[in-house]
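model_27.pdb (PDB, C-alpha atoms and all ligand atoms)
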```
ATOM      1  CA  MET A   1     113.347  89.840  73.001  1.00  0.00           C
ATOM      2  CA  THR A   2     112.999  93.110  71.238  1.00  0.00           C
ATOM      3  CA  SER A   3     109.424  93.823  72.206  1.00  0.00           C
ATOM      4  CA  THR A   4     108.856  96.588  74.662  1.00  0.00           C
ATOM      5  CA  THR A   5     107.854  95.189  78.009  1.00  0.00           C
ATOM      6  CA  ALA A   6     105.385  97.465  79.677  1.00  0.00           C
ATOM      7  CA  VAL A   7     106.214  98.219  83.277  1.00  0.00           C
ATOM      8  CA  ARG A   8     103.406  96.934  85.401  1.00  0.00           C
ATOM      9  CA  ASP A   9     101.451  99.507  87.343  1.00  0.00           C
ATOM     10  CA  HIS A  10     101.697  98.073  90.845  1.00  0.00           C
ATOM     11  CA  LEU A  11      98.972 100.308  92.230  1.00  0.00           C
ATOM     12  CA  LEU A  12      96.275  99.405  89.722  1.00  0.00           C
ATOM     13  CA  ASP A  13      97.385  95.873  88.849  1.00  0.00           C
ATOM     14  CA  VAL A  14      97.965  94.129  92.178  1.00  0.00           C
ATOM     15  CA  ARG A  15      99.008  90.480  91.974  1.00  0.00           C
ATOM     16  CA  PRO A  16      99.599  87.704  94.486  1.00  0.00           C
ATOM     17  CA  GLY A  17     103.044  87.949  95.998  1.00  0.00           C
ATOM     18  CA  ASP A  18     103.330  91.712  95.520  1.00  0.00           C
ATOM     19  CA  ARG A  19     104.757  93.428  98.562  1.00  0.00           C
ATOM     20  CA  TRP A  20     103.311  96.577 100.061  1.00  0.00           C
ATOM     21  CA  LEU A  21     104.677  98.624 102.952  1.00  0.00           C
ATOM     22  CA  VAL A  22     102.279 101.003 104.686  1.00  0.00           C
ATOM     23  CA  ALA A  23     104.036 103.461 107.015  1.00  0.00           C
ATOM     24  CA  VAL A  24     101.925 105.361 109.520  1.00  0.00           C
ATOM     25  CA  ALA A  25     102.470 107.356 112.698  1.00  0.00           C
ATOM     26  CA  HIS A  26      99.873 105.976 115.137  1.00  0.00           C
ATOM     27  CA  PRO A  27      97.729 102.936 115.776  1.00  0.00           C
ATOM     28  CA  ASP A  28      94.384 103.721 114.020  1.00  0.00           C
ATOM     29  CA  ASP A  29      96.033 105.564 111.085  1.00  0.00           C
ATOM     30  CA  GLU A  30      96.177 102.212 109.290  1.00  0.00           C
ATOM     31  CA  ALA A  31      92.402 101.789 109.741  1.00  0.00           C
ATOM     32  CA  PHE A  32      90.902 105.307 110.018  1.00  0.00           C
ATOM     33  CA  GLY A  33      93.404 106.599 107.449  1.00  0.00           C
ATOM     34  CA  CYS A  34      94.209 104.082 104.757  1.00  0.00           C
ATOM     35  CA  GLY A  35      92.443 100.890 105.792  1.00  0.00           C
ATOM     36  CA  SER A  36      90.920 100.253 102.403  1.00  0.00           C
ATOM     37  CA  VAL A  37      94.308 100.571 100.687  1.00  0.00           C
ATOM     38  CA  ILE A  38      95.601  97.752 102.877  1.00  0.00           C
ATOM     39  CA  ALA A  39      92.457  95.632 102.602  1.00  0.00           C
ATOM     40  CA  ARG A  40      92.311  95.954  98.820  1.00  0.00           C
ATOM     41  CA  ALA A  41      95.974  95.045  98.311  1.00  0.00           C
ATOM     42  CA  ALA A  42      95.700  92.110 100.714  1.00  0.00           C
ATOM     43  CA  ALA A  43      92.476  90.887  99.111  1.00  0.00           C
ATOM     44  CA  LEU A  44      94.260  90.847  95.760  1.00  0.00           C
ATOM     45  CA  GLY A  45      97.040  88.706  97.193  1.00  0.00           C
ATOM     46  CA  ALA A  46      99.680  91.231  98.209  1.00  0.00           C
ATOM     47  CA  GLU A  47     101.756  90.731 101.342  1.00  0.00           C
ATOM     48  CA  VAL A  48     101.228  93.891 103.361  1.00  0.00           C
ATOM     49  CA  THR A  49     103.494  95.112 106.146  1.00  0.00           C
ATOM     50  CA  VAL A  50     102.284  97.922 108.404  1.00  0.00           C
ATOM     51  CA  ALA A  51     105.027 100.018 109.991  1.00  0.00           C
ATOM     52  CA  CYS A  52     103.757 102.183 112.837  1.00  0.00           C
ATOM     53  CA  ALA A  53     106.146 104.800 114.199  1.00  0.00           C
ATOM     54  CA  THR A  54     104.567 105.155 117.650  1.00  0.00           C
ATOM     55  CA  ARG A  55     102.189 103.424 120.058  1.00  0.00           C
ATOM     56  CA  GLY A  56      99.824 106.399 120.047  1.00  0.00           C
ATOM     57  CA  GLU A  57     100.304 107.211 123.720  1.00  0.00           C
ATOM     58  CA  ALA A  58      99.076 110.775 123.214  1.00  0.00           C
ATOM     59  CA  GLY A  59      95.782 109.741 121.660  1.00  0.00           C
ATOM     60  CA  GLU A  60      92.561 110.991 123.150  1.00  0.00           C
ATOM     61  CA  LEU A  61      90.759 108.265 125.041  1.00  0.00           C
ATOM     62  CA  ARG A  62      87.173 107.775 123.900  1.00  0.00           C
ATOM     63  CA  PRO A  63      84.965 109.706 126.349  1.00  0.00           C
ATOM     64  CA  GLY A  64      83.361 107.516 128.975  1.00  0.00           C
ATOM     65  CA  LEU A  65      86.031 104.820 129.020  1.00  0.00           C
ATOM     66  CA  PRO A  66      87.905 104.144 132.257  1.00  0.00           C
ATOM     67  CA  ASP A  67      91.581 105.095 132.332  1.00  0.00           C
ATOM     68  CA  PRO A  68      93.332 102.045 130.861  1.00  0.00           C
ATOM     69  CA  GLY A  69      96.649 102.883 132.512  1.00  0.00           C
ATOM     70  CA  ASP A  70      99.071 102.172 129.678  1.00  0.00           C
ATOM     71  CA  LEU A  71      97.213 103.605 126.695  1.00  0.00           C
ATOM     72  CA  GLY A  72     100.144 102.793 124.398  1.00  0.00           C
ATOM     73  CA  ALA A  73      99.863  99.097 125.198  1.00  0.00           C
ATOM     74  CA  VAL A  74      96.107  99.158 124.597  1.00  0.00           C
ATOM     75  CA  ARG A  75      96.537 100.892 121.284  1.00  0.00           C
ATOM     76  CA  GLU A  76      99.349  98.613 120.164  1.00  0.00           C
ATOM     77  CA  ALA A  77      97.056  95.629 120.748  1.00  0.00           C
ATOM     78  CA  GLU A  78      94.286  97.393 118.806  1.00  0.00           C
ATOM     79  CA  LEU A  79      96.718  97.961 115.948  1.00  0.00           C
ATOM     80  CA  HIS A  80      97.575  94.269 115.739  1.00  0.00           C
ATOM     81  CA  ARG A  81      93.914  93.261 115.727  1.00  0.00           C
ATOM     82  CA  ALA A  82      92.972  95.897 113.143  1.00  0.00           C
ATOM     83  CA  ALA A  83      95.881  94.982 110.865  1.00  0.00           C
ATOM     84  CA  ALA A  84      94.791  91.347 110.983  1.00  0.00           C
ATOM     85  CA  ARG A  85      91.245  92.394 110.037  1.00  0.00           C
ATOM     86  CA  LEU A  86      92.636  94.252 107.039  1.00  0.00           C
ATOM     87  CA  GLY A  87      94.762  91.297 105.961  1.00  0.00           C
ATOM     88  CA  ALA A  88      98.184  92.756 106.736  1.00  0.00           C
ATOM     89  CA  GLY A  89     100.480  89.887 107.635  1.00  0.00           C
ATOM     90  CA  ARG A  90     103.169  91.834 109.447  1.00  0.00           C
ATOM     91  CA  VAL A  91     103.201  94.779 111.845  1.00  0.00           C
ATOM     92  CA  GLU A  92     106.369  96.585 112.915  1.00  0.00           C
ATOM     93  CA  LEU A  93     106.505  99.212 115.652  1.00  0.00           C
ATOM     94  CA  LEU A  94     109.328 101.694 115.102  1.00  0.00           C
ATOM     95  CA  GLY A  95     109.619 102.622 118.778  1.00  0.00           C
ATOM     96  CA  TYR A  96     109.024 106.376 118.817  1.00  0.00           C
ATOM     97  CA  ARG A  97     106.719 108.199 121.200  1.00  0.00           C
ATOM     98  CA  ASP A  98     103.577 109.926 119.970  1.00  0.00           C
ATOM     99  CA  SER A  99     104.381 113.650 119.510  1.00  0.00           C
ATOM    100  CA  ALA A 100     100.739 114.707 120.023  1.00  0.00           C
ATOM    101  CA  PHE A 101      99.121 117.324 117.806  1.00  0.00           C
ATOM    102  CA  ALA A 102     100.902 120.240 119.485  1.00  0.00           C
ATOM    103  CA  GLY A 103     102.935 121.147 122.535  1.00  0.00           C
ATOM    104  CA  ASP A 104     106.458 120.417 123.741  1.00  0.00           C
ATOM    105  CA  LEU A 105     108.096 117.257 122.460  1.00  0.00           C
ATOM    106  CA  ALA A 106     108.975 114.559 124.978  1.00  0.00           C
ATOM    107  CA  ALA A 107     112.277 112.701 124.710  1.00  0.00           C
ATOM    108  CA  GLY A 108     111.901 109.953 122.138  1.00  0.00           C
ATOM    109  CA  ALA A 109     108.970 111.633 120.396  1.00  0.00           C
ATOM    110  CA  LEU A 110     108.737 111.010 116.671  1.00  0.00           C
ATOM    111  CA  CYS A 111     109.043 114.697 115.813  1.00  0.00           C
ATOM    112  CA  ALA A 112     112.047 115.046 118.141  1.00  0.00           C
ATOM    113  CA  ALA A 113     113.942 112.796 115.732  1.00  0.00           C
ATOM    114  CA  ASP A 114     115.006 114.601 112.584  1.00  0.00           C
ATOM    115  CA  VAL A 115     113.742 113.477 109.197  1.00  0.00           C
ATOM    116  CA  PRO A 116     117.026 111.817 108.080  1.00  0.00           C
ATOM    117  CA  GLU A 117     117.051 109.707 111.251  1.00  0.00           C
ATOM    118  CA  VAL A 118     113.495 108.477 110.752  1.00  0.00           C
ATOM    119  CA  ALA A 119     114.250 107.999 107.053  1.00  0.00           C
ATOM    120  CA  ALA A 120     117.164 105.720 107.945  1.00  0.00           C
ATOM    121  CA  VAL A 121     114.870 103.582 110.098  1.00  0.00           C
ATOM    122  CA  LEU A 122     112.327 103.361 107.290  1.00  0.00           C
ATOM    123  CA  ARG A 123     115.030 102.591 104.743  1.00  0.00           C
ATOM    124  CA  GLY A 124     116.133  99.621 106.843  1.00  0.00           C
ATOM    125  CA  LEU A 125     112.598  98.317 106.744  1.00  0.00           C
ATOM    126  CA  VAL A 126     112.311  98.960 103.004  1.00  0.00           C
ATOM    127  CA  GLU A 127     115.497  96.984 102.430  1.00  0.00           C
ATOM    128  CA  ASP A 128     114.037  94.138 104.445  1.00  0.00           C
ATOM    129  CA  VAL A 129     110.525  94.130 102.951  1.00  0.00           C
ATOM    130  CA  ARG A 130     111.576  95.134  99.397  1.00  0.00           C
ATOM    131  CA  PRO A 131     108.133  96.592  98.681  1.00  0.00           C
ATOM    132  CA  ASP A 132     106.670  97.244  95.254  1.00  0.00           C
ATOM    133  CA  VAL A 133     104.487  99.983  96.734  1.00  0.00           C
ATOM    134  CA  VAL A 134     104.950 102.203  99.785  1.00  0.00           C
ATOM    135  CA  VAL A 135     101.909 104.013 101.195  1.00  0.00           C
ATOM    136  CA  VAL A 136     101.787 106.913 103.655  1.00  0.00           C
ATOM    137  CA  LEU A 137      99.102 109.364 104.740  1.00  0.00           C
ATOM    138  CA  ASP A 138      99.498 112.751 103.084  1.00  0.00           C
ATOM    139  CA  GLY A 139      99.336 114.589 106.408  1.00  0.00           C
ATOM    140  CA  SER A 140      96.813 117.095 105.124  1.00  0.00           C
ATOM    141  CA  ASP A 141      94.926 116.798 108.405  1.00  0.00           C
ATOM    142  CA  GLY A 142      97.822 118.798 109.862  1.00  0.00           C
ATOM    143  CA  HIS A 143      99.046 116.292 112.476  1.00  0.00           C
ATOM    144  CA  ARG A 144     102.786 116.803 112.771  1.00  0.00           C
ATOM    145  CA  ASP A 145     103.492 113.091 113.194  1.00  0.00           C
ATOM    146  CA  HIS A 146     101.689 112.332 109.929  1.00  0.00           C
ATOM    147  CA  LEU A 147     103.708 114.999 108.141  1.00  0.00           C
ATOM    148  CA  HIS A 148     106.922 113.646 109.668  1.00  0.00           C
ATOM    149  CA  VAL A 149     106.310 110.096 108.436  1.00  0.00           C
ATOM    150  CA  ARG A 150     105.460 111.447 105.009  1.00  0.00           C
ATOM    151  CA  ALA A 151     108.675 113.473 104.840  1.00  0.00           C
ATOM    152  CA  ALA A 152     110.744 110.550 106.125  1.00  0.00           C
ATOM    153  CA  ALA A 153     109.274 108.168 103.550  1.00  0.00           C
ATOM    154  CA  ARG A 154     110.093 110.561 100.740  1.00  0.00           C
ATOM    155  CA  ALA A 155     113.640 110.959 102.030  1.00  0.00           C
ATOM    156  CA  ALA A 156     114.081 107.210 102.510  1.00  0.00           C
ATOM    157  CA  LEU A 157     112.956 106.291  99.017  1.00  0.00           C
ATOM    158  CA  ARG A 158     114.746 109.132  97.305  1.00  0.00           C
ATOM    159  CA  GLU A 159     118.090 107.684  98.386  1.00  0.00           C
ATOM    160  CA  LEU A 160     117.344 104.208  97.047  1.00  0.00           C
ATOM    161  CA  ALA A 161     118.774 103.069  93.739  1.00  0.00           C
ATOM    162  CA  GLU A 162     116.334 102.521  90.847  1.00  0.00           C
ATOM    163  CA  PRO A 163     114.017 100.764  90.494  1.00  0.00           C
ATOM    164  CA  ARG A 164     112.418 102.331  93.518  1.00  0.00           C
ATOM    165  CA  PRO A 165     109.078 101.300  94.959  1.00  0.00           C
ATOM    166  CA  LEU A 166     106.098 103.342  93.911  1.00  0.00           C
ATOM    167  CA  LEU A 167     105.330 105.897  96.650  1.00  0.00           C
ATOM    168  CA  VAL A 168     101.661 106.689  97.101  1.00  0.00           C
ATOM    169  CA  GLU A 169     100.013 109.121  99.500  1.00  0.00           C
ATOM    170  CA  HIS A 170      96.531 108.540 100.836  1.00  0.00           C
ATOM    171  CA  CYS A 171      94.705 111.869 100.621  1.00  0.00           C
ATOM    172  CA  LEU A 172      91.665 113.592 102.010  1.00  0.00           C
ATOM    173  CA  PRO A 173      90.626 115.693  99.005  1.00  0.00           C
ATOM    174  CA  ASN A 174      89.485 119.241  99.569  1.00  0.00           C
ATOM    175  CA  ALA A 175      86.077 118.692  97.943  1.00  0.00           C
ATOM    176  CA  LEU A 176      85.311 115.835 100.320  1.00  0.00           C
ATOM    177  CA  MET A 177      86.569 117.784 103.337  1.00  0.00           C
ATOM    178  CA  ARG A 178      84.281 120.690 102.395  1.00  0.00           C
ATOM    179  CA  ARG A 179      81.338 118.298 102.505  1.00  0.00           C
ATOM    180  CA  TRP A 180      82.567 117.094 105.906  1.00  0.00           C
ATOM    181  CA  LEU A 181      82.806 120.677 107.182  1.00  0.00           C
ATOM    182  CA  ASP A 182      79.294 121.502 105.988  1.00  0.00           C
ATOM    183  CA  GLU A 183      77.947 118.423 107.744  1.00  0.00           C
ATOM    184  CA  MET A 184      79.870 119.150 110.964  1.00  0.00           C
ATOM    185  CA  ARG A 185      78.603 122.711 111.039  1.00  0.00           C
ATOM    186  CA  ALA A 186      75.036 121.475 110.637  1.00  0.00           C
ATOM    187  CA  LEU A 187      75.446 118.692 113.219  1.00  0.00           C
ATOM    188  CA  ARG A 188      77.419 120.574 115.825  1.00  0.00           C
ATOM    189  CA  PRO A 189      76.945 124.291 115.419  1.00  0.00           C
ATOM    190  CA  GLY A 190      79.041 126.313 117.832  1.00  0.00           C
ATOM    191  CA  THR A 191      82.050 123.999 117.742  1.00  0.00           C
ATOM    192  CA  ALA A 192      85.607 124.694 116.689  1.00  0.00           C
ATOM    193  CA  HIS A 193      84.726 123.492 113.195  1.00  0.00           C
ATOM    194  CA  LEU A 194      83.296 126.938 112.523  1.00  0.00           C
ATOM    195  CA  ASP A 195      86.789 128.427 112.602  1.00  0.00           C
ATOM    196  CA  LEU A 196      88.113 126.260 109.797  1.00  0.00           C
ATOM    197  CA  ASP A 197      88.812 127.804 106.427  1.00  0.00           C
ATOM    198  CA  PRO A 198      87.277 125.510 103.775  1.00  0.00           C
ATOM    199  CA  ALA A 199      90.013 126.399 101.287  1.00  0.00           C
ATOM    200  CA  SER A 200      92.691 125.091 103.628  1.00  0.00           C
ATOM    201  CA  LEU A 201      91.151 121.681 104.220  1.00  0.00           C
ATOM    202  CA  GLY A 202      92.629 118.461 102.902  1.00  0.00           C
ATOM    203  CA  ARG A 203      94.554 117.996  99.684  1.00  0.00           C
ATOM    204  CA  PRO A 204      93.957 120.161  96.611  1.00  0.00           C
ATOM    205  CA  ASP A 205      91.774 118.023  94.341  1.00  0.00           C
ATOM    206  CA  GLY A 206      94.052 118.585  91.371  1.00  0.00           C
ATOM    207  CA  GLU A 207      96.862 116.691  93.112  1.00  0.00           C
ATOM    208  CA  ILE A 208      94.885 113.441  93.318  1.00  0.00           C
ATOM    209  CA  THR A 209      96.221 111.019  90.704  1.00  0.00           C
ATOM    210  CA  ASP A 210      94.055 107.960  91.346  1.00  0.00           C
ATOM    211  CA  VAL A 211      90.521 107.446  92.633  1.00  0.00           C
ATOM    212  CA  LEU A 212      89.781 103.826  93.461  1.00  0.00           C
ATOM    213  CA  ASP A 213      86.452 102.189  94.246  1.00  0.00           C
ATOM    214  CA  VAL A 214      87.169 100.199  97.386  1.00  0.00           C
ATOM    215  CA  SER A 215      83.567  99.430  98.304  1.00  0.00           C
ATOM    216  CA  GLY A 216      84.370  95.728  97.940  1.00  0.00           C
ATOM    217  CA  VAL A 217      86.524  95.785 101.070  1.00  0.00           C
ATOM    218  CA  LEU A 218      84.273  98.056 103.116  1.00  0.00           C
ATOM    219  CA  ASP A 219      83.365  95.249 105.549  1.00  0.00           C
ATOM    220  CA  ARG A 220      87.034  94.669 106.375  1.00  0.00           C
ATOM    221  CA  ARG A 221      87.607  98.385 106.795  1.00  0.00           C
ATOM    222  CA  GLU A 222      84.655  98.726 109.160  1.00  0.00           C
ATOM    223  CA  ALA A 223      85.838  95.721 111.171  1.00  0.00           C
ATOM    224  CA  ALA A 224      89.316  97.241 111.484  1.00  0.00           C
ATOM    225  CA  ILE A 225      87.898 100.618 112.531  1.00  0.00           C
ATOM    226  CA  ALA A 226      85.817  98.891 115.204  1.00  0.00           C
ATOM    227  CA  GLU A 227      88.961  97.310 116.694  1.00  0.00           C
ATOM    228  CA  HIS A 228      90.163 100.742 117.825  1.00  0.00           C
ATOM    229  CA  ARG A 229      87.804 100.772 120.757  1.00  0.00           C
ATOM    230  CA  SER A 230      89.872 103.241 122.777  1.00  0.00           C
ATOM    231  CA  GLN A 231      89.491 105.918 120.108  1.00  0.00           C
ATOM    232  CA  THR A 232      86.616 107.901 118.619  1.00  0.00           C
ATOM    233  CA  SER A 233      86.443 107.267 114.895  1.00  0.00           C
ATOM    234  CA  PRO A 234      86.444 110.440 112.788  1.00  0.00           C
ATOM    235  CA  PHE A 235      83.548 108.951 110.838  1.00  0.00           C
ATOM    236  CA  GLU A 236      81.299 108.594 113.858  1.00  0.00           C
ATOM    237  CA  GLY A 237      78.083 110.537 113.508  1.00  0.00           C
ATOM    238  CA  LEU A 238      78.477 111.222 109.792  1.00  0.00           C
ATOM    239  CA  GLY A 239      75.491 110.648 107.543  1.00  0.00           C
ATOM    240  CA  ALA A 240      75.523 107.414 105.553  1.00  0.00           C
ATOM    241  CA  GLU A 241      76.288 109.123 102.266  1.00  0.00           C
ATOM    242  CA  LEU A 242      79.289 111.068 103.510  1.00  0.00           C
ATOM    243  CA  ARG A 243      80.574 108.099 105.500  1.00  0.00           C
ATOM    244  CA  ALA A 244      80.484 106.021 102.319  1.00  0.00           C
ATOM    245  CA  ALA A 245      82.282 108.766 100.409  1.00  0.00           C
ATOM    246  CA  PHE A 246      85.138 108.578 102.925  1.00  0.00           C
ATOM    247  CA  LEU A 247      85.268 104.817 103.343  1.00  0.00           C
ATOM    248  CA  ALA A 248      84.343 103.323  99.978  1.00  0.00           C
ATOM    249  CA  THR A 249      86.574 105.465  97.766  1.00  0.00           C
ATOM    250  CA  ASP A 250      90.318 105.977  98.026  1.00  0.00           C
ATOM    251  CA  HIS A 251      91.900 109.200  96.822  1.00  0.00           C
ATOM    252  CA  LEU A 252      95.594 108.706  96.167  1.00  0.00           C
ATOM    253  CA  ALA A 253      98.508 110.780  94.938  1.00  0.00           C
ATOM    254  CA  ARG A 254     101.549 109.187  93.370  1.00  0.00           C
ATOM    255  CA  VAL A 255     104.749 110.904  94.434  1.00  0.00           C
ATOM    256  CA  GLY A 256     107.525 111.641  91.973  1.00  0.00           C
ATOM    257  CA  LEU A 257     110.895 111.269  93.702  1.00  0.00           C
ATOM    258  CA  HIS A 258     113.109 113.655  91.805  1.00  0.00           C
TER     259      HIS A 258
HETATM  260 ZN    ZN B   1      97.572 109.460 113.375  1.00  0.00          ZN
END
```

Spell out the structure here as structure tokens.
Amino acid sequence: MTSTTAVRDHLLDVRPGDRWLVAVAHPDDEAFGCGSVIARAAALGAEVTVACATRGEAGELRPGLPDPGDLGAVREAELHRAAARLGAGRVELLGYRDSAFAGDLAAGALCAADVPEVAAVLRGLVEDVRPDVVVVLDGSDGHRDHLHVRAAARAALRELAEPRPLLVEHCLPNALMRRWLDEMRALRPGTAHLDLDPASLGRPDGEITDVLDVSGVLDRREAAIAEHRSQTSPFEGLGAELRAAFLATDHLARVGLH
């Protein structure tokens, strides 16, 4: 064979039997964050594994709910149900504690482990799953756990021999976040949203490499979001148009591992 064999683009051309690994920090990141990425890949026949670093113990309980006692256990169960809704066949908990958005780090917290340590854990999973595509959140919402998983995934894949899986970050583009800020300011004037600098929100639009229409899996995404009953969805209260802009379109950035 002397013909040039084009390398298949595993993000755009998903086929049955492809393997995807989605690494997130907390239960609900897989649904609120990148649920449509999972649902789309699964609907096209990929085997999707969700790796969740923590049980989300530091999450904020939805107002009005009674104290569930062990919030981590509740959220772990929500994760399993949501992943099933999205079509992910396997869920792995990595055993760290939720670092919370800020404050001192408890023993065992994800951000108390250095990036190489978390990378080694992820690399073990990558060697087991042998994914074609690895997906993480880009962390542009500023949560330190999200940024930690992102950094660990980059470090884990960088050390692998070629051919490496394609690493893709799920992004919240700045233009969309500006629309969100405008709507929040109109809906809830006098809140902390007023302090936000629009220029600092989300991912610079120029860094987005792929915009995918995922409206076909919106029902699955909504069903997965609804499974996280202990949490308030970030899309709650948004107008229909903006909600659709968040949920029916994926903004992704391919990561070069040089
Ligand atoms: Zn999270």

Residues picked by the PyMOL selection byres (((chain A and resi 7-18) around 7) and not hetatm) here, as number ranges by chain?
A: 5-6, 19-20, 41, 44-47, 132-133

How would you write as a list in words the residues that get within 9 Å of (91.7, 90.9, 108.4) in the file's frame, counting all atoms listed in the file?
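These residues have at least one counted atom within 9 Å: Ala39, Ala42, Arg81, Ala82, Ala83, Ala84, Arg85, Leu86, Gly87, Ala88, Gly89, Arg220, Arg221, Ala223 and Ala224 of chain A.
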
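Identified as lying at most 7 Å from ligand ZN 1 (chain B) when counting only C-alpha atoms and all ligand atoms are the residues Ala25, His26, Pro27, Asp28, Asp29, Asp145 and His146 of chain A.
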
Please, what distance in Å, to one decimal, runs between CA of Arg75 (chain A) and CA of Glu183 (chain A)?
28.9 Å

So the first atom is CA of Leu257 (chain A) and the second is CA of Leu166 (chain A); what is the distance between them in Å, to one decimal place?
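Atom-to-atom, CA of Leu257 (chain A) to CA of Leu166 (chain A), that is 9.3 Å.
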
Pro68 (chain A) proximity check over A:Arg55, A:Asp219, A:Ser230, A:Met184, using all atoms listed in the file: winner is A:Ser230

Kindly give the distance, in Å, that separates CA of Arg40 (chain A) and CA of Leu201 (chain A), rounded to a single decimal.
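Computed distance, CA of Arg40 (chain A) to CA of Leu201 (chain A), equals 26.3 Å.
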
Have a look at A:Ala155, A:Met177, A:Leu93, A:Val217 and name the one nearest to Thr49 (chain A); count only C-alpha atoms.
A:Leu93

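For the set A:Ala23, A:Gly33, A:Val255, A:Pro66, the residue with the smallest atom-to-atom gap to Pro234 (chain A) is A:Gly33, counting all atoms listed in the file.
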
3 Å per side around region 68-81 of chain A: axis-aligned box centre and edge lengths, as AutoDock Vina command-line options:
```
--center_x 96.7 --center_y 98.4 --center_z 124.1 --size_x 12.8 --size_y 16.3 --size_z 22.8
```

Written as a PyMOL selection string, which residues does the PyMOL selection byres (((chain A and resi 196) around 12) and not hetatm) give for the file shown?
chain A and resi 141+177-178+180-182+184-185+191-195+197-202

Report the residues retrieved by the PyMOL selection byres (((chain A and resi 204) around 12) and not hetatm) from the displayed file, expressed as a list of chain:residue names.
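Matching residues under the PyMOL selection byres (((chain A and resi 204) around 12) and not hetatm) are A:Asp138, A:Ser140, A:Cys171, A:Leu172, A:Pro173, A:Asn174, A:Ala175, A:Leu176, A:Met177, A:Arg178, A:Pro198, A:Ala199, A:Ser200, A:Leu201, A:Gly202, A:Arg203, A:Asp205, A:Gly206, A:Glu207, A:Ile208, A:Thr209, A:His251, A:Leu252, A:Ala253.
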
Identify, on the basis of only C-alpha atoms, every residue whose closest approach to region 109-120 of chain A does not exceed 10 Å; exclude the query and any residue fewer than 6 positions from it along the same chain; express the result as a ChimeraX atom specification.
/A:25,53-54,94-100,126,144-159

Taking all atoms listed in the file into account, which of A:Arg90, A:Asp104, A:Ala77, A:Val135 comes nearest Val24 (chain A)?
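Among the listed residues, A:Val135 lies closest to Val24 (chain A).
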
Ranking A:Glu127, A:Glu78, A:Asp210, A:Glu241 by minimum distance to Glu227 (chain A) and counting all atoms listed in the file, which one comes first?
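Under the stated criterion, the closest residue is A:Glu78.
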
Counting only C-alpha atoms, closest pick from A:Ala51, A:Ile38, A:Leu61, A:Ala73 relative to Thr232 (chain A) is A:Leu61

Could you model N, CA, C and O atoms for region 187-197 of chain A and present them as a tab-separated table (two decimals), keeping the file's coordinate frame?
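Once everything was written out, this is selection-v2.tsv:
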```tsv
chain	number	residue	atom	x	y	z
A	187	LEU	N	75.64	119.61	112.10
A	187	LEU	CA	75.45	118.69	113.22
A	187	LEU	C	75.79	119.32	114.55
A	187	LEU	O	75.12	119.09	115.56
A	188	ARG	N	76.90	120.05	114.55
A	188	ARG	CA	77.42	120.57	115.82
A	188	ARG	C	77.72	122.06	115.72
A	188	ARG	O	78.89	122.47	115.77
A	189	PRO	N	76.70	122.85	115.53
A	189	PRO	CA	76.94	124.29	115.42
A	189	PRO	C	77.54	124.82	116.73
A	189	PRO	O	77.22	124.33	117.79
A	190	GLY	N	78.44	125.76	116.61
A	190	GLY	CA	79.04	126.31	117.83
A	190	GLY	C	80.31	125.60	118.23
A	190	GLY	O	80.89	125.89	119.27
A	191	THR	N	80.79	124.68	117.42
A	191	THR	CA	82.05	124.00	117.74
A	191	THR	C	83.20	124.67	117.02
A	191	THR	O	83.03	125.59	116.23
A	192	ALA	N	84.39	124.14	117.29
A	192	ALA	CA	85.61	124.69	116.69
A	192	ALA	C	85.61	124.57	115.17
A	192	ALA	O	86.35	125.27	114.49
A	193	HIS	N	84.76	123.67	114.65
A	193	HIS	CA	84.73	123.49	113.20
A	193	HIS	C	84.40	124.80	112.47
A	193	HIS	O	84.75	124.99	111.32
A	194	LEU	N	83.71	125.69	113.17
A	194	LEU	CA	83.30	126.94	112.52
A	194	LEU	C	84.49	127.81	112.15
A	194	LEU	O	84.41	128.64	111.27
A	195	ASP	N	85.61	127.60	112.86
A	195	ASP	CA	86.79	128.43	112.60
A	195	ASP	C	87.56	127.99	111.36
A	195	ASP	O	88.44	128.70	110.90
A	196	LEU	N	87.29	126.80	110.88
A	196	LEU	CA	88.11	126.26	109.80
A	196	LEU	C	87.86	126.98	108.48
A	196	LEU	O	86.72	127.32	108.16
A	197	ASP	N	88.92	127.19	107.75
A	197	ASP	CA	88.81	127.80	106.43
A	197	ASP	C	88.65	126.68	105.40
A	197	ASP	O	89.55	125.85	105.25
```
